[in-house]
file query33.cif (mmCIF, C-alpha atoms)
data_upload
loop_
_atom_site.label_atom_id
_atom_site.label_comp_id
_atom_site.auth_asym_id
_atom_site.auth_seq_id
_atom_site.Cartn_x
_atom_site.Cartn_y
_atom_site.Cartn_z
CA MET W 540 -26.28 -52.21 59.95
CA ARG W 541 -26.42 -55.95 60.38
CA GLY W 542 -23.03 -56.31 58.68
CA TRP W 543 -21.44 -53.93 61.19
CA MET W 544 -22.94 -55.95 64.05
CA VAL W 545 -21.47 -59.15 62.63
CA LEU W 546 -18.08 -57.47 62.19
CA GLY W 547 -18.26 -56.20 65.77
CA LEU W 548 -18.97 -59.68 67.09
CA VAL W 549 -16.07 -61.08 65.08
CA LEU W 550 -13.68 -58.46 66.42
CA TRP W 551 -14.96 -59.04 69.94
CA GLY W 552 -14.33 -62.76 69.54
CA LEU W 553 -10.81 -62.11 68.27
CA GLY W 554 -10.22 -59.88 71.29
CA LEU W 555 -11.15 -62.77 73.57
CA ALA W 556 -8.93 -65.16 71.64
CA GLN W 557 -5.89 -62.86 71.68
CA SER W 558 -5.65 -61.18 75.07
CA VAL W 559 -4.05 -57.74 75.14
CA ARG W 560 -0.34 -57.44 75.77
CA TRP W 561 2.33 -54.85 76.44
CA THR W 562 4.15 -53.92 73.22
CA GLY W 563 7.30 -52.31 74.58
CA GLN W 564 10.87 -53.60 74.48
CA PRO W 565 12.08 -55.39 77.65
CA GLU W 566 15.51 -54.62 79.05
CA TYR W 567 18.10 -57.42 79.28
CA ARG W 568 20.06 -56.94 82.48
CA ALA W 569 23.03 -58.80 84.00
CA VAL W 570 23.06 -59.57 87.74
CA PRO W 571 26.35 -60.50 89.49
CA GLY W 572 26.27 -64.10 90.72
CA ALA W 573 28.06 -66.54 92.97
CA SER W 574 31.85 -66.78 92.65
CA THR W 575 33.17 -69.88 90.85
CA ALA W 576 36.29 -71.00 89.01
CA ALA W 577 34.81 -69.57 85.80
CA GLY W 578 35.73 -66.07 86.92
CA ALA W 579 33.87 -62.80 87.37
CA ALA W 580 33.22 -62.35 83.64
CA LEU W 581 30.98 -65.45 83.65
CA ASP W 582 29.76 -65.43 87.25
CA LYS W 583 26.52 -63.63 86.48
CA SER W 584 22.95 -64.44 85.51
CA TYR W 585 20.49 -62.32 83.58
CA VAL W 586 16.93 -61.02 83.65
CA LEU W 587 14.64 -59.88 80.86
CA VAL W 588 12.76 -57.01 82.55
CA TYR W 589 9.16 -56.14 81.67
CA PRO W 590 8.40 -52.94 83.63
CA ALA W 591 5.39 -52.53 85.88
CA GLN W 592 2.46 -50.62 84.44
CA GLY W 593 1.18 -48.15 87.01
CA THR W 594 2.30 -47.63 90.59
CA PRO W 595 4.91 -50.33 91.41
CA ARG W 596 3.67 -53.06 93.77
CA GLY W 597 6.32 -55.77 93.41
CA THR W 598 8.14 -58.13 91.06
CA ILE W 599 7.38 -61.62 89.85
CA VAL W 600 10.51 -63.55 88.83
CA PHE W 601 9.94 -66.37 86.33
CA VAL W 602 12.33 -69.33 86.40
CA PRO W 603 12.59 -71.34 83.14
CA GLY W 604 12.50 -75.11 83.01
CA PHE W 605 14.81 -77.79 81.63
CA LEU W 606 16.71 -76.31 78.66
CA GLY W 607 14.52 -73.19 78.85
CA GLY W 608 15.50 -69.55 78.34
CA ALA W 609 14.00 -66.20 79.29
CA THR W 610 11.83 -65.77 76.21
CA ASN W 611 9.82 -68.83 77.28
CA PHE W 612 7.87 -66.25 79.26
CA ASP W 613 7.58 -63.41 76.73
CA ALA W 614 3.96 -64.05 75.72
CA LEU W 615 2.92 -64.55 79.34
CA ALA W 616 4.89 -61.55 80.64
CA ARG W 617 3.46 -59.12 78.07
CA ARG W 618 -0.07 -60.06 79.12
CA LEU W 619 0.65 -60.21 82.85
CA VAL W 620 2.05 -56.69 83.28
CA LEU W 621 -1.29 -55.37 81.98
CA ALA W 622 -3.47 -57.86 83.86
CA ALA W 623 -1.63 -57.22 87.17
CA PRO W 624 -0.98 -53.45 87.26
CA GLY W 625 1.99 -52.48 89.38
CA TRP W 626 3.77 -55.82 89.03
CA ALA W 627 7.01 -55.96 87.09
CA VAL W 628 8.01 -59.24 85.43
CA TRP W 629 11.59 -60.47 85.44
CA ALA W 630 12.23 -63.51 83.25
CA TRP W 631 15.41 -65.15 84.50
CA ASP W 632 18.21 -66.51 82.33
CA ARG W 633 20.56 -68.82 84.22
CA ARG W 634 24.28 -68.11 84.04
CA ALA W 635 24.91 -70.59 81.21
CA ASN W 636 23.04 -68.28 78.83
CA GLY W 637 26.12 -66.07 78.98
CA LEU W 638 28.08 -68.82 77.20
CA GLU W 639 25.97 -68.75 74.05
CA ASP W 640 27.45 -67.39 70.82
CA ARG W 641 24.50 -65.40 69.47
CA ARG W 642 26.51 -63.53 66.84
CA GLY W 643 24.99 -65.76 64.20
CA PHE W 644 21.63 -64.03 64.59
CA THR W 645 23.11 -60.79 63.26
CA SER W 646 24.88 -62.52 60.36
CA PRO W 647 23.44 -62.61 56.80
CA ASP W 648 22.63 -66.34 57.12
CA PRO W 649 22.14 -67.58 60.71
CA TRP W 650 21.51 -71.16 59.54
CA ALA W 651 24.85 -71.28 57.69
CA TYR W 652 26.62 -69.72 60.68
CA TYR W 653 25.49 -72.46 63.07
CA GLN W 654 26.19 -75.26 60.60
CA ASN W 655 29.84 -74.64 61.42
CA TYR W 656 29.34 -73.97 65.13
CA ARG W 657 32.06 -75.42 67.35
CA VAL W 658 31.23 -76.05 71.00
CA PRO W 659 33.84 -74.38 73.26
CA ASP W 660 35.66 -76.19 76.04
CA LEU W 661 33.77 -75.46 79.28
CA PRO W 662 35.39 -77.47 82.11
CA PHE W 663 34.05 -75.14 84.84
CA LEU W 664 30.48 -76.05 83.88
CA LYS W 665 30.73 -79.21 86.00
CA ASP W 666 30.77 -77.00 89.11
CA TRP W 667 27.60 -75.08 88.21
CA GLY W 668 25.19 -77.10 90.30
CA LEU W 669 22.22 -76.41 92.53
CA ARG W 670 24.02 -74.34 95.19
CA VAL W 671 25.54 -71.99 92.59
CA HIS W 672 22.16 -71.46 90.93
CA LEU W 673 20.32 -70.89 94.20
CA ASP W 674 22.95 -68.32 95.18
CA ASP W 675 22.55 -66.64 91.77
CA LEU W 676 18.80 -66.58 92.21
CA GLU W 677 19.17 -65.10 95.69
CA ARG W 678 21.07 -62.18 94.22
CA VAL W 679 18.32 -61.65 91.64
CA VAL W 680 15.67 -61.75 94.38
CA ASP W 681 17.68 -59.34 96.55
CA GLN W 682 17.89 -56.86 93.68
CA ALA W 683 14.17 -57.17 92.94
CA ARG W 684 13.24 -56.70 96.61
CA SER W 685 14.43 -53.10 96.45
CA SER W 686 11.15 -52.36 94.63
CA GLY W 687 8.80 -54.34 96.87
CA PRO W 688 7.76 -57.94 97.51
CA VAL W 689 8.98 -60.71 95.20
CA VAL W 690 7.04 -63.73 93.97
CA LEU W 691 8.85 -66.67 92.36
CA ALA W 692 7.14 -68.53 89.51
CA GLY W 693 8.83 -71.57 87.97
CA HIS W 694 7.90 -73.66 84.94
CA SER W 695 8.63 -77.40 84.75
CA LEU W 696 12.10 -78.02 86.22
CA GLY W 697 12.12 -74.30 86.98
CA ALA W 698 9.24 -75.01 89.37
CA SER W 699 11.54 -77.47 91.13
CA LEU W 700 14.28 -74.83 91.33
CA ALA W 701 11.86 -72.17 92.58
CA SER W 702 10.54 -74.60 95.22
CA LEU W 703 14.06 -75.38 96.39
CA PHE W 704 14.76 -71.66 96.68
CA ALA W 705 11.72 -71.43 98.97
CA LEU W 706 13.31 -74.16 101.12
CA TYR W 707 16.66 -72.34 100.96
CA ARG W 708 15.71 -68.68 101.42
CA GLY W 709 11.93 -68.74 101.60
CA ASP W 710 11.80 -65.76 103.94
CA LYS W 711 13.05 -63.52 101.11
CA ILE W 712 10.03 -64.09 98.86
CA SER W 713 6.34 -63.35 99.35
CA GLY W 714 4.82 -65.98 97.10
CA LEU W 715 5.46 -69.13 95.06
CA ILE W 716 3.80 -70.22 91.80
CA LEU W 717 4.45 -73.56 90.08
CA LEU W 718 3.60 -73.96 86.38
CA ASP W 719 3.27 -77.62 85.36
CA GLY W 720 6.12 -78.51 87.69
CA ALA W 721 6.75 -79.49 91.30
CA PRO W 722 9.62 -79.81 93.83
CA ARG W 723 10.36 -83.36 92.77
CA LEU W 724 9.89 -84.45 89.16
CA VAL W 725 12.58 -87.11 88.52
CA PRO W 726 13.99 -88.44 91.81
CA LEU W 727 17.41 -90.09 92.04
CA THR W 728 18.71 -92.21 94.91
CA ARG W 729 22.06 -91.45 96.52
CA GLU W 730 23.62 -94.35 94.62
CA GLN W 731 22.21 -93.15 91.29
CA TYR W 732 23.31 -89.58 91.99
CA PHE W 733 26.95 -90.57 92.45
CA GLY W 734 27.20 -93.68 90.27
CA GLY W 735 24.72 -93.07 87.46
CA THR W 736 21.84 -95.20 86.28
CA GLU W 737 20.29 -96.81 83.23
CA GLY W 738 17.37 -94.76 81.87
CA GLY W 739 14.71 -95.58 79.33
CA PHE W 740 16.88 -94.23 76.49
CA GLY W 741 20.35 -95.18 77.70
CA ARG W 742 22.82 -94.52 80.46
CA LEU W 743 22.66 -91.42 82.64
CA ALA W 744 26.03 -90.48 84.09
CA GLY W 745 26.47 -89.88 87.80
CA LEU W 746 28.36 -87.14 89.62
CA ASN W 747 31.57 -89.19 89.87
CA GLU W 748 31.77 -89.58 86.08
CA LEU W 749 31.03 -85.88 85.61
CA LEU W 750 33.74 -84.70 88.00
CA GLU W 751 36.27 -87.12 86.51
CA GLY W 752 35.65 -85.75 83.01
CA ARG W 753 34.04 -88.94 81.70
CA ALA W 754 30.73 -87.21 80.91
CA PRO W 755 30.02 -83.91 79.12
CA PRO W 756 29.38 -81.04 81.55
CA TYR W 757 26.27 -79.96 79.60
CA ILE W 758 23.22 -81.87 78.37
CA ASN W 759 24.31 -83.94 75.39
CA ALA W 760 21.98 -86.90 74.94
CA PHE W 761 18.96 -88.08 72.95
CA GLY W 762 19.72 -85.57 70.19
CA LEU W 763 19.76 -82.68 72.67
CA ASN W 764 23.02 -80.72 72.49
CA PRO W 765 24.27 -77.14 72.11
CA VAL W 766 24.71 -77.37 68.33
CA GLY W 767 21.16 -78.64 67.88
CA PHE W 768 19.72 -75.91 70.11
CA ALA W 769 21.63 -73.20 68.22
CA GLN W 770 20.43 -74.52 64.87
CA ALA W 771 16.83 -74.80 66.06
CA GLU W 772 16.88 -71.18 67.21
CA ALA W 773 18.43 -70.12 63.89
CA GLN W 774 15.57 -71.86 62.07
CA ALA W 775 12.96 -70.14 64.20
CA PHE W 776 14.71 -66.77 63.96
CA MET W 777 14.76 -66.93 60.15
CA THR W 778 11.18 -68.20 60.07
CA ALA W 779 9.96 -65.23 62.10
CA GLN W 780 11.55 -62.91 59.53
CA ASN W 781 9.86 -64.61 56.55
CA PRO W 782 7.49 -67.46 57.50
CA GLN W 783 6.35 -68.28 53.95
CA ALA W 784 9.78 -68.42 52.30
CA ASP W 785 11.11 -71.79 51.15
CA ALA W 786 12.89 -73.70 53.91
CA PRO W 787 16.61 -73.94 53.13
CA PRO W 788 18.14 -77.38 52.42
CA GLY W 789 18.59 -79.38 55.62
CA TRP W 790 15.54 -78.03 57.41
CA ALA W 791 13.22 -80.82 56.27
CA PRO W 792 13.52 -83.87 54.00
CA TYR W 793 10.82 -82.43 51.72
CA ARG W 794 9.95 -79.08 50.14
CA ALA W 795 8.27 -76.87 52.74
CA SER W 796 7.74 -73.33 53.92
CA ARG W 797 10.00 -72.18 56.71
CA LEU W 798 7.00 -72.15 59.06
CA ALA W 799 6.03 -75.74 58.26
CA ALA W 800 9.60 -77.03 58.59
CA ALA W 801 10.18 -75.27 61.92
CA LEU W 802 6.88 -76.06 63.65
CA ALA W 803 6.79 -79.74 62.66
CA ARG W 804 9.63 -80.19 65.17
CA VAL W 805 7.63 -78.97 68.17
CA ASP W 806 3.90 -79.28 67.52
CA ASP W 807 2.21 -81.78 69.83
CA ARG W 808 0.97 -83.83 66.87
CA TYR W 809 4.55 -84.51 65.74
CA ALA W 810 6.87 -83.99 68.76
CA LEU W 811 8.01 -87.22 70.44
CA SER W 812 8.51 -85.63 73.86
CA SER W 813 5.71 -83.89 75.76
CA ILE W 814 8.36 -81.68 77.40
CA PHE W 815 8.93 -79.83 74.12
CA SER W 816 5.44 -79.95 72.61
CA VAL W 817 3.09 -77.07 71.91
CA SER W 818 -0.26 -77.09 70.08
CA VAL W 819 0.18 -74.68 67.17
CA GLY W 820 -1.68 -76.25 64.23
CA GLN W 821 -1.04 -78.92 61.64
CA SER W 822 1.05 -79.63 58.54
CA THR W 823 -0.63 -79.89 55.14
CA GLY W 824 1.73 -82.69 54.09
CA ARG W 825 1.26 -86.44 53.96
CA GLU W 826 1.36 -87.99 57.39
CA GLY W 827 2.41 -91.32 58.85
CA ILE W 828 2.60 -92.73 62.35
CA SER W 829 5.97 -92.72 64.12
CA LEU W 830 6.87 -96.32 64.92
CA PHE W 831 9.13 -95.11 67.71
CA SER W 832 6.19 -93.39 69.39
CA LEU W 833 4.28 -96.69 69.39
CA PHE W 834 7.28 -98.29 71.07
CA VAL W 835 7.05 -95.84 73.98
CA GLY W 836 3.26 -96.17 74.24
CA SER W 837 1.89 -93.09 72.47
CA VAL W 838 0.73 -92.11 68.99
CA VAL W 839 2.75 -89.37 67.30
CA TYR W 840 2.60 -88.56 63.61
CA THR W 841 5.36 -87.81 61.13
CA VAL W 842 5.29 -85.56 58.07
CA ARG W 843 6.38 -87.55 55.03
CA GLY W 844 6.18 -84.95 52.32
CA PRO W 845 3.88 -82.81 50.22
CA ARG W 846 0.46 -83.69 48.82
CA GLY W 847 1.14 -82.41 45.31
CA GLY W 848 3.17 -79.36 46.28
CA ARG W 849 5.09 -77.59 49.01
CA VAL W 850 4.24 -78.51 52.60
CA GLU W 851 2.54 -75.58 54.34
CA TRP W 852 1.41 -74.94 57.91
CA ARG W 853 -2.23 -74.42 58.90
CA ASP W 854 -3.34 -72.51 61.99
CA SER W 855 -6.20 -74.72 63.15
CA GLY W 856 -7.13 -72.48 66.09
CA GLU W 857 -5.39 -74.54 68.76
CA ALA W 858 -4.21 -73.07 72.06
CA THR W 859 -1.05 -71.31 70.80
CA ASP W 860 -0.75 -68.93 67.85
CA PRO W 861 1.93 -70.39 65.51
CA LEU W 862 3.31 -67.04 64.36
CA GLU W 863 3.48 -65.63 67.88
CA PHE W 864 5.17 -68.78 69.12
CA ILE W 865 7.83 -68.71 66.41
CA SER W 866 8.50 -65.01 67.11
CA LEU W 867 9.52 -65.84 70.69
CA TYR W 868 12.81 -67.15 69.29
CA ALA W 869 13.51 -64.04 67.25
CA ASN W 870 15.81 -62.27 69.67
CA PRO W 871 19.56 -61.81 69.12
CA THR W 872 20.08 -61.17 72.85
CA THR W 873 18.50 -64.22 74.45
CA GLY W 874 16.35 -67.10 73.33
CA PHE W 875 13.84 -69.83 74.00
CA SER W 876 16.42 -72.43 75.01
CA GLU W 877 19.52 -72.73 77.19
CA TRP W 878 22.15 -74.27 74.93
CA PHE W 879 24.59 -75.24 77.70
CA PHE W 880 22.26 -76.56 80.38
CA PRO W 881 24.63 -77.79 83.15
CA TYR W 882 24.30 -81.53 83.63
CA ARG W 883 25.33 -80.99 87.27
CA LEU W 884 22.21 -78.89 87.86
CA SER W 885 19.86 -81.62 86.64
CA LEU W 886 21.64 -84.17 88.85
CA ASP W 887 21.54 -81.95 91.93
CA ILE W 888 17.85 -81.10 91.57
CA SER W 889 16.92 -84.78 91.21
CA ALA W 890 18.75 -85.63 94.44
CA TYR W 891 18.62 -82.32 96.26
CA GLU W 892 18.69 -83.85 99.77
CA VAL W 893 22.07 -85.36 98.85
CA ALA W 894 23.45 -82.33 97.02
CA MET W 895 22.29 -79.87 99.72
CA PRO W 896 21.27 -81.68 102.93
CA GLU W 897 20.16 -78.40 104.51
CA LEU W 898 17.17 -78.30 102.15
CA ARG W 899 14.49 -79.78 104.38
CA PRO W 900 10.67 -79.54 104.33
CA ARG W 901 9.39 -76.32 105.86
CA SER W 902 6.18 -74.34 106.04
CA VAL W 903 6.07 -70.93 104.40
CA ALA W 904 3.98 -67.92 105.34
CA TYR W 905 2.37 -67.55 101.91
CA PRO W 906 0.15 -69.88 99.87
CA VAL W 907 1.54 -71.87 96.96
CA LEU W 908 -0.32 -71.73 93.63
CA ALA W 909 0.18 -74.79 91.42
CA LEU W 910 -1.14 -74.70 87.84
CA GLY W 911 -1.11 -77.96 85.90
CA ALA W 912 -1.54 -78.37 82.13
CA GLY W 913 -4.32 -80.78 81.19
CA ARG W 914 -2.13 -82.34 78.49
CA GLY W 915 1.20 -81.56 80.11
CA LEU W 916 3.51 -83.12 82.69
CA LEU W 917 1.15 -82.78 85.65
CA PRO W 918 -2.42 -83.12 84.33
CA GLN W 919 -4.04 -84.11 87.64
CA ALA W 920 -4.15 -82.51 91.08
CA SER W 921 -2.68 -85.67 92.61
CA ASN W 922 0.51 -85.09 90.57
CA PHE W 923 1.34 -82.18 92.89
CA ARG W 924 1.65 -84.34 96.00
CA SER W 925 5.32 -83.42 96.46
CA VAL W 926 4.30 -79.76 96.98
CA GLY W 927 2.56 -80.61 100.25
CA GLU W 928 5.47 -82.83 101.27
CA ALA W 929 7.98 -80.02 100.72
CA PHE W 930 5.80 -77.37 102.38
CA PRO W 931 3.86 -78.98 105.25
CA ASN W 932 1.18 -76.91 106.97
CA THR W 933 1.14 -74.55 104.00
CA ARG W 934 -1.95 -73.71 101.96
CA VAL W 935 -1.60 -75.15 98.45
CA GLU W 936 -4.08 -74.28 95.71
CA VAL W 937 -3.98 -76.62 92.70
CA ARG W 938 -5.71 -75.74 89.44
CA ILE W 939 -5.59 -77.74 86.22
CA LEU W 940 -5.87 -75.74 82.99
CA PRO W 941 -7.62 -78.14 80.59
CA GLY W 942 -6.50 -78.78 77.02
CA LEU W 943 -3.05 -77.22 77.33
CA THR W 944 0.30 -78.86 76.59
CA HIS W 945 3.40 -78.32 78.71
CA LEU W 946 4.43 -75.22 76.72
CA ASP W 947 0.90 -73.94 76.00
CA ILE W 948 0.65 -72.96 79.66
CA LEU W 949 3.23 -70.25 78.84
CA THR W 950 2.29 -69.36 75.27
CA SER W 951 -1.47 -69.82 74.79
CA ARG W 952 -3.09 -67.08 72.74
CA SER W 953 -5.81 -66.50 75.35
CA GLY W 954 -3.27 -66.34 78.20
CA ASP W 955 -4.94 -69.09 80.28
CA ALA W 956 -2.42 -68.80 83.11
CA VAL W 957 -2.58 -65.00 83.31
CA GLY W 958 -5.87 -64.77 85.22
CA PRO W 959 -4.94 -67.18 88.03
CA ILE W 960 -1.50 -65.59 88.40
CA ALA W 961 -2.91 -62.04 88.46
CA ALA W 962 -5.50 -63.08 91.07
CA TYR W 963 -2.72 -64.62 93.20
CA LEU W 964 -0.66 -61.42 92.98
CA GLN W 965 -3.61 -59.39 94.22
CA GLY W 966 -3.41 -61.24 97.53
CA VAL W 967 0.33 -60.69 98.04
CA ARG W 968 1.07 -58.39 100.97
#

call {"tool": "encode", "arguments": {"input": "query33.cif", "output": "structure tokens"}}
result
Amino acid sequence: MRGWMVLGLVLWGLGLAQSVRWTGQPEYRAVPGASTAAGAALDKSYVLVYPAQGTPRGTIVFVPGFLGGATNFDALARRLVLAAPGWAVWAWDRRANGLEDRRGFTSPDPWAYYQNYRVPDLPFLKDWGLRVHLDDLERVVDQARSSGPVVLAGHSLGASLASLFALYRGDKISGLILLDGAPRLVPLTREQYFGGTEGGFGRLAGLNELLEGRAPPYINAFGLNPVGFAQAEAQAFMTAQNPQADAPPGWAPYRASRLAAALARVDDRYALSSIFSVSVGQSTGREGISLFSLFVGSVVYTVRGPRGGRVEWRDSGEATDPLEFISLYANPTTGFSEWFFPYRLSLDISAYEVAMPELRPRSVAYPVLALGAGRGLLPQASNFRSVGEAFPNTRVEVRILPGLTHLDILTSRSGDAVGPIAAYLQGVR
């Protein structure tokens, strides 16, 4: 009898650690967008639709952050539709996701396919700035409003974009949620916006260089580029299919499982940038300290190879489940990243008063919920000061979720952000 009690307590504890989630298959839907020189075939954005459970009450539209794709929100969405009955979840993919060649994910060897990936010529991408994306988002919101009120929820730079939509067409939504992001994250002056500036890791081109063709129209700096994003997704996709298989040559400079090779790129112990870090465990290999991390004022470790055998990955019970996280990439339709993130969009958001002077501070009729990650971009309530500046005379509730990284706030196994979001949705009229 005592053994059954112990087993029951264990299962109860596992239930708390892994909150329940919807197990259906979301629909990937195209939404016509703003007209540009790219043409009607590309002038569309997309939503990954998680249907409401129970009598429909409304829709929450999630906006991904810098370089983010719709499946950023898969773990959160699957929990939220059960925690907030009646609310559908739409995870938005910006229009550039339609440019991705995802045929490699249905090929026999996705890694080999993207080793030979050639980036297409995309001159129209320089025109896909803030106004185009806000107009696209308006069309998504309009379509969602046919089923009831709409709440926007943005993560990171997506929180900036969602905030700017509230300044642009705030009367069309009934709520605003910011996940480790705020209206203004990286401000640029008018001079920097047009003429460029020197950043901590090199030169950042301005709008003049972009329009004159002297800068790539998509993010291509600091090792971040479409080929790298495609290859990273191929690694994760293959890992989800067989986590314990040997990593193919080129994945890591040492013998490792696919899981160990893939997660060492993003785990917070090894990732150089907090923007792309998630706490998913630890490598079993020999470790060293990254000298580059010391140069920028932090301590990040490197994996140097096996301790007597193949490098494996250990789930140490941190915030995010490693296998669930890696499975978020395993989707031939859409993915965790946006390979062709328009450089124009990042410029416009950083200097939005210059790019769209009509975007001025305004009060909105609904409260703003801001959730910070204790180990993320905005770990303190004071980091959300720009929310009050953008929305004067508006009630702003700030909550910090302790112990989470920037991505954990979306992917944690206990769904830390689900409860506050579900409670917020209960108060939406």

call {"tool": "closest_residue", "arguments": {"input": "query33.cif", "among": "W:Asn759, W:Ser855, W:Thr594, W:Gln682", "to": "Trp878 (chain W)", "atoms": "only C-alpha atoms"}}
result
W:Asn759

call {"tool": "resolve_selection", "arguments": {"input": "query33.cif", "expression": "the PyMOL selection byres ((chain W and resi 957-962) around 8)", "output": "PyMOL selection string"}}
result
chain W and resi 615+618-619+622-623+716+954-956+963-966

call {"tool": "closest_residue", "arguments": {"input": "query33.cif", "among": "W:Gly847, W:Gly637, W:Pro595, W:Gly608", "to": "Arg684 (chain W)", "atoms": "all atoms listed in the file"}}
result
W:Pro595

call {"tool": "residues_around", "arguments": {"input": "query33.cif", "residues": "His945 (chain W)", "least_positions_apart": "3", "cutoff": "7 Å", "atoms": "all atoms listed in the file", "output": "number ranges by chain"}}
result
W: 719, 813-814, 816-817, 912, 914-916, 948

call {"tool": "residues_near_point", "arguments": {"input": "query33.cif", "point": "(11.8, -75.2, 57.9)", "cutoff": "10 Å", "atoms": "all atoms listed in the file", "output": "PyMOL selection string"}}
result
chain W and resi 771+774-775+777-778+782-804+850-851

call {"tool": "atom_distance", "arguments": {"input": "query33.cif", "atom1": "CA of Leu676 (chain W)", "atom2": "CA of Gly767 (chain W)"}}
result
27.3 Å

call {"tool": "atom_distance", "arguments": {"input": "query33.cif", "atom1": "CA of Val725 (chain W)", "atom2": "CA of Pro918 (chain W)"}}
result
16.1 Å

call {"tool": "residues_around", "arguments": {"input": "query33.cif", "residues": "region 660-670 of chain W", "least_positions_apart": "6", "cutoff": "7 Å", "atoms": "only C-alpha atoms", "output": "list in words"}}
result
Ala576, Ala577, Leu749, Leu750, Pro756, Pro881, Arg883, Leu884, Asp887 and Ile888 of chain W

call {"tool": "resolve_selection", "arguments": {"input": "query33.cif", "expression": "the PyMOL selection byres ((chain W and resi 642-652) around 7)", "output": "PyMOL selection string"}}
result
chain W and resi 640-641+653-656+770+773-774+871

call {"tool": "write_last_selection", "arguments": {"input": "query33.cif", "atoms": "C-alpha atoms", "output": "compact mmCIF listing (two decimals), keeping the file's coordinate frame"}}
result
# COMPACT_ATOMS: atom_id res chain seq x y z
CA ASP W 640 27.45 -67.39 70.82
CA ARG W 641 24.50 -65.40 69.47
CA TYR W 653 25.49 -72.46 63.07
CA GLN W 654 26.19 -75.26 60.60
CA ASN W 655 29.84 -74.64 61.42
CA TYR W 656 29.34 -73.97 65.13
CA GLN W 770 20.43 -74.52 64.87
CA ALA W 773 18.43 -70.12 63.89
CA GLN W 774 15.57 -71.86 62.07
CA PRO W 871 19.56 -61.81 69.12

call {"tool": "residues_around", "arguments": {"input": "query33.cif", "residues": "Val628 (chain W)", "least_positions_apart": "6", "cutoff": "12 Å", "atoms": "only C-alpha atoms", "output": "NGL selection string"}}
result
:W and (561 or 565-567 or 586-592 or 595-602 or 609-610 or 612-622 or 683 or 686 or 689-692 or 960-961 or 964)

call {"tool": "residues_around", "arguments": {"input": "query33.cif", "residues": "Gly927 (chain W)", "least_positions_apart": "4", "cutoff": "10 Å", "atoms": "all atoms listed in the file", "output": "PyMOL selection string"}}
result
chain W and resi 721-722+900-902+907+923+931-935

call {"tool": "axis_aligned_box", "arguments": {"input": "query33.cif", "around": "region 716-729 of chain W", "padding_each_side": "3 Å", "output": "JSON"}}
result
{"center_x": 12.7, "center_y": -81.2, "center_z": 90.9, "size_x": 24.8, "size_y": 28.0, "size_z": 17.2}

call {"tool": "closest_residue", "arguments": {"input": "query33.cif", "among": "W:Glu772, W:Asp632, W:Glu737, W:Glu677", "to": "Ser866 (chain W)", "atoms": "all atoms listed in the file"}}
result
W:Glu772

call {"tool": "resolve_selection", "arguments": {"input": "query33.cif", "expression": "the PyMOL selection byres ((chain W and resi 827) around 12)", "output": "MDAnalysis selection string"}}
result
chainID W and resid 808:809 822 824:826 828:833 838:844

call {"tool": "atom_distance", "arguments": {"input": "query33.cif", "atom1": "CA of Phe930 (chain W)", "atom2": "CA of Leu706 (chain W)"}}
result
8.3 Å

call {"tool": "closest_residue", "arguments": {"input": "query33.cif", "among": "W:Tyr585, W:Arg742, W:Gln919, W:Gly687", "to": "Trp626 (chain W)", "atoms": "all atoms listed in the file"}}
result
W:Gly687

call {"tool": "residues_around", "arguments": {"input": "query33.cif", "residues": "Ala760 (chain W)", "least_positions_apart": "3", "cutoff": "9 Å", "atoms": "all atoms listed in the file", "output": "count of residues only"}}
result
4
